[in-house]
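Engineer: Provided herewith: coords-v2.pdb, PDB, C-alpha atoms.
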```pdb
ATOM      1  CA  MET A1159      85.363  40.456  99.165
ATOM      2  CA  ARG A1160      85.053  44.220  98.695
ATOM      3  CA  LYS A1161      87.390  46.661 100.351
ATOM      4  CA  VAL A1162      86.173  49.809 102.129
ATOM      5  CA  THR A1163      88.551  52.706 101.512
ATOM      6  CA  VAL A1164      88.140  56.096 103.188
ATOM      7  CA  LEU A1165      89.492  59.063 101.192
ATOM      8  CA  SER A1166      89.738  62.069 103.492
ATOM      9  CA  PHE A1167      91.127  65.570 103.406
ATOM     10  CA  VAL A1168      92.205  66.237 106.992
ATOM     11  CA  THR A1169      93.897  69.066 108.874
ATOM     12  CA  MET A1170      96.792  68.480 111.263
ATOM     13  CA  ASP A1171      94.322  68.675 114.155
ATOM     14  CA  GLY A1172      92.011  66.124 112.569
ATOM     15  CA  VAL A1173      89.238  68.296 111.066
ATOM     16  CA  ILE A1174      87.538  66.938 107.939
ATOM     17  CA  GLN A1175      84.510  69.257 107.792
ATOM     18  CA  ALA A1176      83.715  71.181 104.603
ATOM     19  CA  PRO A1177      87.014  70.919 102.730
ATOM     20  CA  GLY A1178      85.460  71.844  99.386
ATOM     21  CA  GLY A1179      83.705  75.170  99.829
ATOM     22  CA  PRO A1180      82.380  77.847 102.213
ATOM     23  CA  GLU A1181      78.768  76.611 102.172
ATOM     24  CA  GLU A1182      79.488  72.884 102.015
ATOM     25  CA  ASP A1183      78.768  72.178 105.693
ATOM     26  CA  VAL A1184      78.271  75.028 108.168
ATOM     27  CA  THR A1185      77.077  72.753 110.991
ATOM     28  CA  GLY A1186      78.076  74.142 114.374
ATOM     29  CA  GLY A1187      78.807  77.548 112.847
ATOM     30  CA  PHE A1188      81.845  76.191 110.972
ATOM     31  CA  LYS A1189      83.406  79.130 109.110
ATOM     32  CA  TYR A1190      86.445  77.662 107.362
ATOM     33  CA  GLY A1191      84.729  75.788 104.522
ATOM     34  CA  GLY A1192      86.967  75.445 101.465
ATOM     35  CA  TRP A1193      90.212  75.124 103.436
ATOM     36  CA  THR A1194      91.777  72.723 100.895
ATOM     37  CA  ALA A1195      91.501  75.099  97.912
ATOM     38  CA  PRO A1196      94.771  77.050  98.429
ATOM     39  CA  TYR A1197      96.734  73.786  98.494
ATOM     40  CA  PHE A1198      95.407  72.197  95.320
ATOM     41  CA  ASP A1199      97.900  72.092  92.472
ATOM     42  CA  GLU A1200      98.970  69.788  89.646
ATOM     43  CA  PHE A1201     100.463  67.346  92.172
ATOM     44  CA  MET A1202      97.194  67.022  94.122
ATOM     45  CA  ASN A1203      95.121  66.761  90.931
ATOM     46  CA  LYS A1204      97.347  63.887  89.807
ATOM     47  CA  ILE A1205      96.956  62.124  93.180
ATOM     48  CA  MET A1206      93.166  62.372  92.994
ATOM     49  CA  ALA A1207      93.149  61.117  89.389
ATOM     50  CA  GLU A1208      95.272  58.112  90.404
ATOM     51  CA  GLN A1209      93.135  57.252  93.425
ATOM     52  CA  MET A1210      89.905  57.546  91.489
ATOM     53  CA  GLY A1211      91.156  56.104  88.234
ATOM     54  CA  ARG A1212      90.129  52.568  89.151
ATOM     55  CA  PRO A1213      86.729  50.885  89.412
ATOM     56  CA  PHE A1214      84.828  51.921  92.541
ATOM     57  CA  ASP A1215      81.397  52.329  94.028
ATOM     58  CA  LEU A1216      80.541  54.959  96.620
ATOM     59  CA  LEU A1217      79.511  54.470 100.236
ATOM     60  CA  LEU A1218      78.136  57.789 101.501
ATOM     61  CA  GLY A1219      76.329  59.396 104.387
ATOM     62  CA  ARG A1220      73.154  61.323 103.604
ATOM     63  CA  LYS A1221      74.647  64.820 103.824
ATOM     64  CA  THR A1222      77.585  64.014 101.527
ATOM     65  CA  TYR A1223      75.217  62.259  99.132
ATOM     66  CA  ASP A1224      73.063  65.402  98.961
ATOM     67  CA  ILE A1225      76.133  67.581  98.261
ATOM     68  CA  PHE A1226      77.405  65.224  95.539
ATOM     69  CA  ALA A1227      73.953  64.696  93.985
ATOM     70  CA  SER A1228      73.435  68.445  93.648
ATOM     71  CA  TYR A1229      76.682  68.814  91.683
ATOM     72  CA  TRP A1230      78.056  65.777  89.846
ATOM     73  CA  PRO A1231      75.071  64.838  87.633
ATOM     74  CA  TYR A1232      75.284  68.358  86.161
ATOM     75  CA  HIS A1233      79.066  68.413  85.652
ATOM     76  CA  GLN A1234      79.733  65.340  83.528
ATOM     77  CA  GLU A1235      82.804  66.977  81.984
ATOM     78  CA  GLU A1236      84.560  66.983  85.394
ATOM     79  CA  ASP A1237      83.349  63.564  86.488
ATOM     80  CA  MET A1238      85.930  61.263  88.062
ATOM     81  CA  GLY A1239      83.685  58.215  88.048
ATOM     82  CA  PHE A1240      81.030  59.396  90.504
ATOM     83  CA  ASN A1241      78.179  59.266  88.001
ATOM     84  CA  GLN A1242      78.990  55.729  86.811
ATOM     85  CA  ALA A1243      79.483  54.360  90.341
ATOM     86  CA  THR A1244      76.697  52.786  92.339
ATOM     87  CA  LYS A1245      76.003  55.095  95.283
ATOM     88  CA  TYR A1246      75.150  53.279  98.536
ATOM     89  CA  VAL A1247      73.620  55.793 100.959
ATOM     90  CA  ALA A1248      73.550  55.046 104.681
ATOM     91  CA  SER A1249      70.497  56.578 106.356
ATOM     92  CA  LYS A1250      67.860  55.359 108.807
ATOM     93  CA  HIS A1251      65.304  57.785 107.388
ATOM     94  CA  PRO A1252      63.496  57.317 104.044
ATOM     95  CA  LEU A1253      65.196  59.221 101.239
ATOM     96  CA  GLN A1254      64.257  60.242  97.734
ATOM     97  CA  LEU A1255      67.361  59.359  95.751
ATOM     98  CA  THR A1256      67.259  61.152  92.416
ATOM     99  CA  TRP A1257      70.853  60.536  91.298
ATOM    100  CA  GLU A1258      71.119  57.639  88.879
ATOM    101  CA  ARG A1259      72.435  54.350  90.360
ATOM    102  CA  SER A1260      71.676  55.280  93.970
ATOM    103  CA  VAL A1261      70.635  52.717  96.589
ATOM    104  CA  GLN A1262      69.627  53.393 100.177
ATOM    105  CA  LEU A1263      70.976  51.122 102.910
ATOM    106  CA  HIS A1264      68.001  50.757 105.269
ATOM    107  CA  ASP A1265      67.635  49.750 108.889
ATOM    108  CA  ASP A1266      70.778  48.007 110.167
ATOM    109  CA  VAL A1267      73.453  49.966 108.304
ATOM    110  CA  VAL A1268      76.330  47.997 109.860
ATOM    111  CA  LYS A1269      74.872  44.681 108.666
ATOM    112  CA  ALA A1270      74.135  46.146 105.226
ATOM    113  CA  ILE A1271      77.738  47.332 104.850
ATOM    114  CA  THR A1272      79.100  44.033 106.167
ATOM    115  CA  ASP A1273      76.985  42.231 103.550
ATOM    116  CA  LEU A1274      78.191  44.627 100.819
ATOM    117  CA  LYS A1275      81.808  43.933 101.765
ATOM    118  CA  ALA A1276      81.201  40.186 101.427
ATOM    119  CA  GLN A1277      80.012  40.567  97.831
ATOM    120  CA  LYS A1278      82.085  40.631  94.679
ATOM    121  CA  GLY A1279      82.537  44.028  93.120
ATOM    122  CA  PRO A1280      84.743  47.116  93.028
ATOM    123  CA  GLU A1281      86.080  48.775  96.158
ATOM    124  CA  LEU A1282      83.722  50.951  98.176
ATOM    125  CA  GLN A1283      85.102  54.480  98.471
ATOM    126  CA  VAL A1284      83.948  56.749 101.289
ATOM    127  CA  HIS A1285      84.257  60.500 100.681
ATOM    128  CA  GLY A1286      83.232  63.096 103.263
ATOM    129  CA  SER A1287      80.563  61.359 105.368
ATOM    130  CA  SER A1288      82.018  62.166 108.794
ATOM    131  CA  ASP A1289      79.200  60.482 110.758
ATOM    132  CA  LEU A1290      79.357  57.361 108.599
ATOM    133  CA  ILE A1291      83.134  57.188 109.067
ATOM    134  CA  GLN A1292      82.609  57.095 112.855
ATOM    135  CA  THR A1293      80.266  54.106 112.439
ATOM    136  CA  LEU A1294      82.746  52.342 110.148
ATOM    137  CA  LEU A1295      85.601  52.925 112.602
ATOM    138  CA  LYS A1296      83.554  51.764 115.583
ATOM    139  CA  HIS A1297      82.684  48.506 113.846
ATOM    140  CA  ASN A1298      86.117  47.914 112.279
ATOM    141  CA  LEU A1299      84.790  48.059 108.709
ATOM    142  CA  ILE A1300      87.553  50.202 107.149
ATOM    143  CA  ASP A1301      90.302  48.405 105.230
ATOM    144  CA  GLU A1302      92.353  51.400 104.101
ATOM    145  CA  LEU A1303      92.626  55.120 104.862
ATOM    146  CA  TRP A1304      93.854  57.345 102.019
ATOM    147  CA  LEU A1305      94.573  60.593 103.805
ATOM    148  CA  LYS A1306      95.643  63.992 102.541
ATOM    149  CA  ILE A1307      96.967  65.809 105.608
ATOM    150  CA  PHE A1308      96.985  69.583 105.079
ATOM    151  CA  PRO A1309      99.477  71.853 106.877
ATOM    152  CA  LEU A1310      96.987  73.817 108.943
ATOM    153  CA  THR A1311      94.888  73.596 112.112
ATOM    154  CA  LEU A1312      91.297  74.781 112.402
ATOM    155  CA  GLY A1313      90.229  74.067 115.969
ATOM    156  CA  PRO A1314      86.462  73.464 115.878
ATOM    157  CA  GLY A1315      84.950  71.124 113.312
ATOM    158  CA  LYS A1316      83.982  67.529 112.629
ATOM    159  CA  ARG A1317      86.889  65.164 113.231
ATOM    160  CA  LEU A1318      88.164  62.138 111.330
ATOM    161  CA  PHE A1319      88.770  60.301 114.594
ATOM    162  CA  ALA A1320      85.986  61.317 116.983
ATOM    163  CA  GLU A1321      84.150  59.651 119.827
ATOM    164  CA  GLY A1322      83.647  55.937 119.285
ATOM    165  CA  THR A1323      86.967  55.362 117.533
ATOM    166  CA  VAL A1324      88.277  51.971 118.602
ATOM    167  CA  PRO A1325      91.956  51.071 119.126
ATOM    168  CA  ALA A1326      93.384  49.756 115.847
ATOM    169  CA  ALA A1327      96.792  49.420 114.196
ATOM    170  CA  PHE A1328      97.480  50.572 110.647
ATOM    171  CA  ARG A1329     100.438  50.035 108.324
ATOM    172  CA  LEU A1330     101.721  52.790 106.031
ATOM    173  CA  ILE A1331     101.584  51.506 102.450
ATOM    174  CA  ASP A1332     102.402  54.690 100.525
ATOM    175  CA  SER A1333     103.358  58.301 101.213
ATOM    176  CA  LYS A1334     104.227  61.427  99.263
ATOM    177  CA  VAL A1335     104.467  65.148 100.023
ATOM    178  CA  SER A1336     103.135  67.829  97.717
ATOM    179  CA  PRO A1337     105.140  70.982  96.892
ATOM    180  CA  LYS A1338     102.690  72.897  99.148
ATOM    181  CA  GLY A1339     103.271  70.572 102.095
ATOM    182  CA  VAL A1340     100.268  68.251 101.889
ATOM    183  CA  ILE A1341     101.198  64.792 103.152
ATOM    184  CA  VAL A1342      99.491  62.083 101.104
ATOM    185  CA  ALA A1343      99.566  58.917 103.214
ATOM    186  CA  SER A1344      97.766  55.626 102.676
ATOM    187  CA  TYR A1345      97.297  53.210 105.551
ATOM    188  CA  GLN A1346      96.101  49.613 105.604
ATOM    189  CA  ARG A1347      94.428  47.941 108.581
ATOM    190  CA  ALA A1348      97.053  45.910 110.446
ATOM    191  CA  GLY A1349      95.434  44.079 113.331
ATOM    192  CA  GLU A1350      95.325  45.050 116.973
ATOM    193  CA  VAL A1351      97.301  47.677 118.874
ATOM    194  CA  GLU A1352     100.502  46.285 120.358
ATOM    195  CA  THR A1353     102.076  47.801 123.460
ATOM    196  CA  GLY A1354     105.451  47.510 125.150
ATOM    197  CA  SER A1355     107.955  49.419 127.222
ATOM    198  CA  PHE A1356     111.436  50.904 126.838
TER
END
```
Please express what this file holds, its structure, as structure tokens.
Structural biologist:
Amino acid sequence: MRKVTVLSFVTMDGVIQAPGGPEEDVTGGFKYGGWTAPYFDEFMNKIMAEQMGRPFDLLLGRKTYDIFASYWPYHQEEDMGFNQATKYVASKHPLQLTWERSVQLHDDVVKAITDLKAQKGPELQVHGSSDLIQTLLKHNLIDELWLKIFPLTLGPGKRLFAEGTVPAAFRLIDSKVSPKGVIVASYQRAGEVETGSF
């Protein structure tokens, strides 16, 4: 059984759009691309190395795939395992996948991902891919969330938890805080939401 792990950079108000650079994703006129850069330091680099220093394959939406495929094949010296990983790309439209070890998930993406999870193999890491994350949340296909919560709010932008998010309980399995105030928190799926009263 393969685990689906979502690695997200997220603001305090839940924005995950374009953390890596000004032109990464300007959908909706988003003007704060690259908002993680001022907070990256040795601590954050070490966290990313730890989280990506294990065997993994990638599960990506089309837009994130395009961003990664235009960069990582040409920057082998910085590679954190992206080039060696199998890249599973969720898209209903035919794609020309030029990045080595890329596979398109056709038609019923939910079934394809469910089948992938049932196979043997390394964990499936989801980076970026805001639309795909909404599908995974809606169909309860995420096993763990590895969040980096940055001390800022942006207002408009694509959200980690958007429409279609279903009620779900998670258990904190690890947490740290960077010197610049980034909360690194990992959560594991923990059944249904429980309610009560005081």
Engineer: Give me the residues near region 1299-1304 of chain A as a list in words, where near means some atom within 8 Å (using all atoms listed in the file) and where sequence neighbours in that chain fewer than 2 positions away do not count.
Structural biologist: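 Skipping anything fewer than 2 positions along the chain leaves Lys1161, Val1162, Thr1163, Val1164, Leu1165, Ser1166, Thr1272, Leu1294, Leu1295, Lys1296, His1297, Lys1306, Val1342, Ala1343, Ser1344, Tyr1345, Gln1346 and Arg1347 of chain A.
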Engineer: Apply the PyMOL selection byres ((chain A and resi 1171) around 9) to the structure shown and report the selected residues as an MDAnalysis selection string.
Structural biologist: chainID A and resid 1168:1170 1172:1173 1310:1313 1317
Engineer: Where does the PyMOL selection byres ((chain A and resi 1250) around 10) land in this file, that is, which residues does it pick, as an NGL selection string?
Structural biologist: :A and (1220 or 1247-1249 or 1251-1253 or 1262-1267)
Engineer: Go through the shown structure with the PyMOL selection byres ((chain A and resi 1190) around 9) and write out the matching residues as a PyMOL selection string.
Structural biologist: chain A and resi 1175-1177+1179-1180+1184+1188-1189+1191-1193+1312+1315
Engineer: Find the residues around Ser1288 (chain A) up to 7 Å (all atoms listed in the file counted), leave out those fewer than 3 positions away in its own chain, and share them as a ChimeraX atom specification.
Structural biologist: /A:1291-1292,1316,1318
Engineer: Ranking A:Ile1225, A:Asp1237, A:Lys1269, A:Pro1337 by minimum distance to Glu1181 (chain A) and counting all atoms listed in the file, which one comes first?
Structural biologist: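 Under the stated criterion, the closest residue is A:Ile1225.
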Engineer: Between CA of Gly1219 (chain A) and CA of Thr1256 (chain A), what distance in Å does the model show, to one decimal?
Structural biologist: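 These atoms are spaced 15.1 Å apart.
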Engineer: Compare A:Glu1200, A:Asp1273, A:Glu1352, A:Glu1182 by their minimum atom-to-atom distance to Phe1226 (chain A), counting only C-alpha atoms, and give me the closest one.
Structural biologist: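 Closest candidate: A:Glu1182.
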Engineer: What lies within 7 Å of Met1159 (chain A) using only C-alpha atoms, ignoring chain neighbours under 3 positions off, as number ranges by chain?
Structural biologist: A: 1275-1278
Engineer: Output C-alpha atoms of each residue in that selection to a file, as a tab-separated table (two decimals), keeping the file's coordinate frame.
Structural biologist:
```
chain	number	residue	atom	x	y	z
A	1275	LYS	CA	81.81	43.93	101.76
A	1276	ALA	CA	81.20	40.19	101.43
A	1277	GLN	CA	80.01	40.57	97.83
A	1278	LYS	CA	82.08	40.63	94.68
```
Engineer: Between CA of Glu1235 (chain A) and CA of Arg1160 (chain A), what is the distance in Å, rounded to a tenth?
Structural biologist: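 Atom-to-atom, CA of Glu1235 (chain A) to CA of Arg1160 (chain A), that is 28.3 Å.
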Engineer: Please, what distance in Å, to one decimal, runs between CA of Asp1199 (chain A) and CA of Gly1211 (chain A)?
Structural biologist: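 Distance reported for this atom pair: 17.9 Å.
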Engineer: Given only C-alpha atoms as the basis, pick out the residue of A:Ala1243, A:Val1340, A:Phe1319, A:Gly1354 nearest to Pro1280 (chain A).
Structural biologist: A:Ala1243
Engineer: Which residues, written as a PDB file with C-alpha atoms, keeping the file's coordinate frame, have at least one atom at most 12 Å from Thr1353 (chain A), with all atoms listed in the file counted and residues fewer than 2 positions away on the same chain left out?
Structural biologist:
```pdb
ATOM      1  CA  PRO A1325      91.956  51.071 119.126  1.00  0.00           C
ATOM      2  CA  ALA A1326      93.384  49.756 115.847  1.00  0.00           C
ATOM      3  CA  ALA A1327      96.792  49.420 114.196  1.00  0.00           C
ATOM      4  CA  GLU A1350      95.325  45.050 116.973  1.00  0.00           C
ATOM      5  CA  VAL A1351      97.301  47.677 118.874  1.00  0.00           C
ATOM      6  CA  SER A1355     107.955  49.419 127.222  1.00  0.00           C
ATOM      7  CA  PHE A1356     111.436  50.904 126.838  1.00  0.00           C
TER       8      PHE A1356
END
```
Engineer: Would you mind telling me which residue in A:Arg1259, A:Lys1338, A:His1233, A:Arg1329 lies nearest to Tyr1197 (chain A) when using only C-alpha atoms?
Structural biologist: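 Result for the nearest residue to Tyr1197 (chain A): A:Lys1338.
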Engineer: Which of these, A:Thr1185, A:Phe1167, A:Tyr1229, A:Val1261, has the shortest distance to Phe1198 (chain A) once you count all atoms listed in the file?
Structural biologist: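 Smallest distance to Phe1198 (chain A) is found for A:Phe1167.
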Engineer: Counting all atoms listed in the file, figure out which residue out of A:Ser1260, A:Ser1336, A:Thr1293, A:Asn1203 gets nearest to Gly1322 (chain A).
Structural biologist: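 The shortest atom-to-atom distance to Gly1322 (chain A) comes from A:Thr1293.
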Engineer: With a distance cut-off of 7 Å and only C-alpha atoms, select the neighbouring residues of Thr1222 (chain A), excluding the residue or stretch itself and same-chain residues fewer than 4 positions from it, and output the selection as a VMD selection string.
Structural biologist: chain A and resid 1218 1226 1286 to 1287
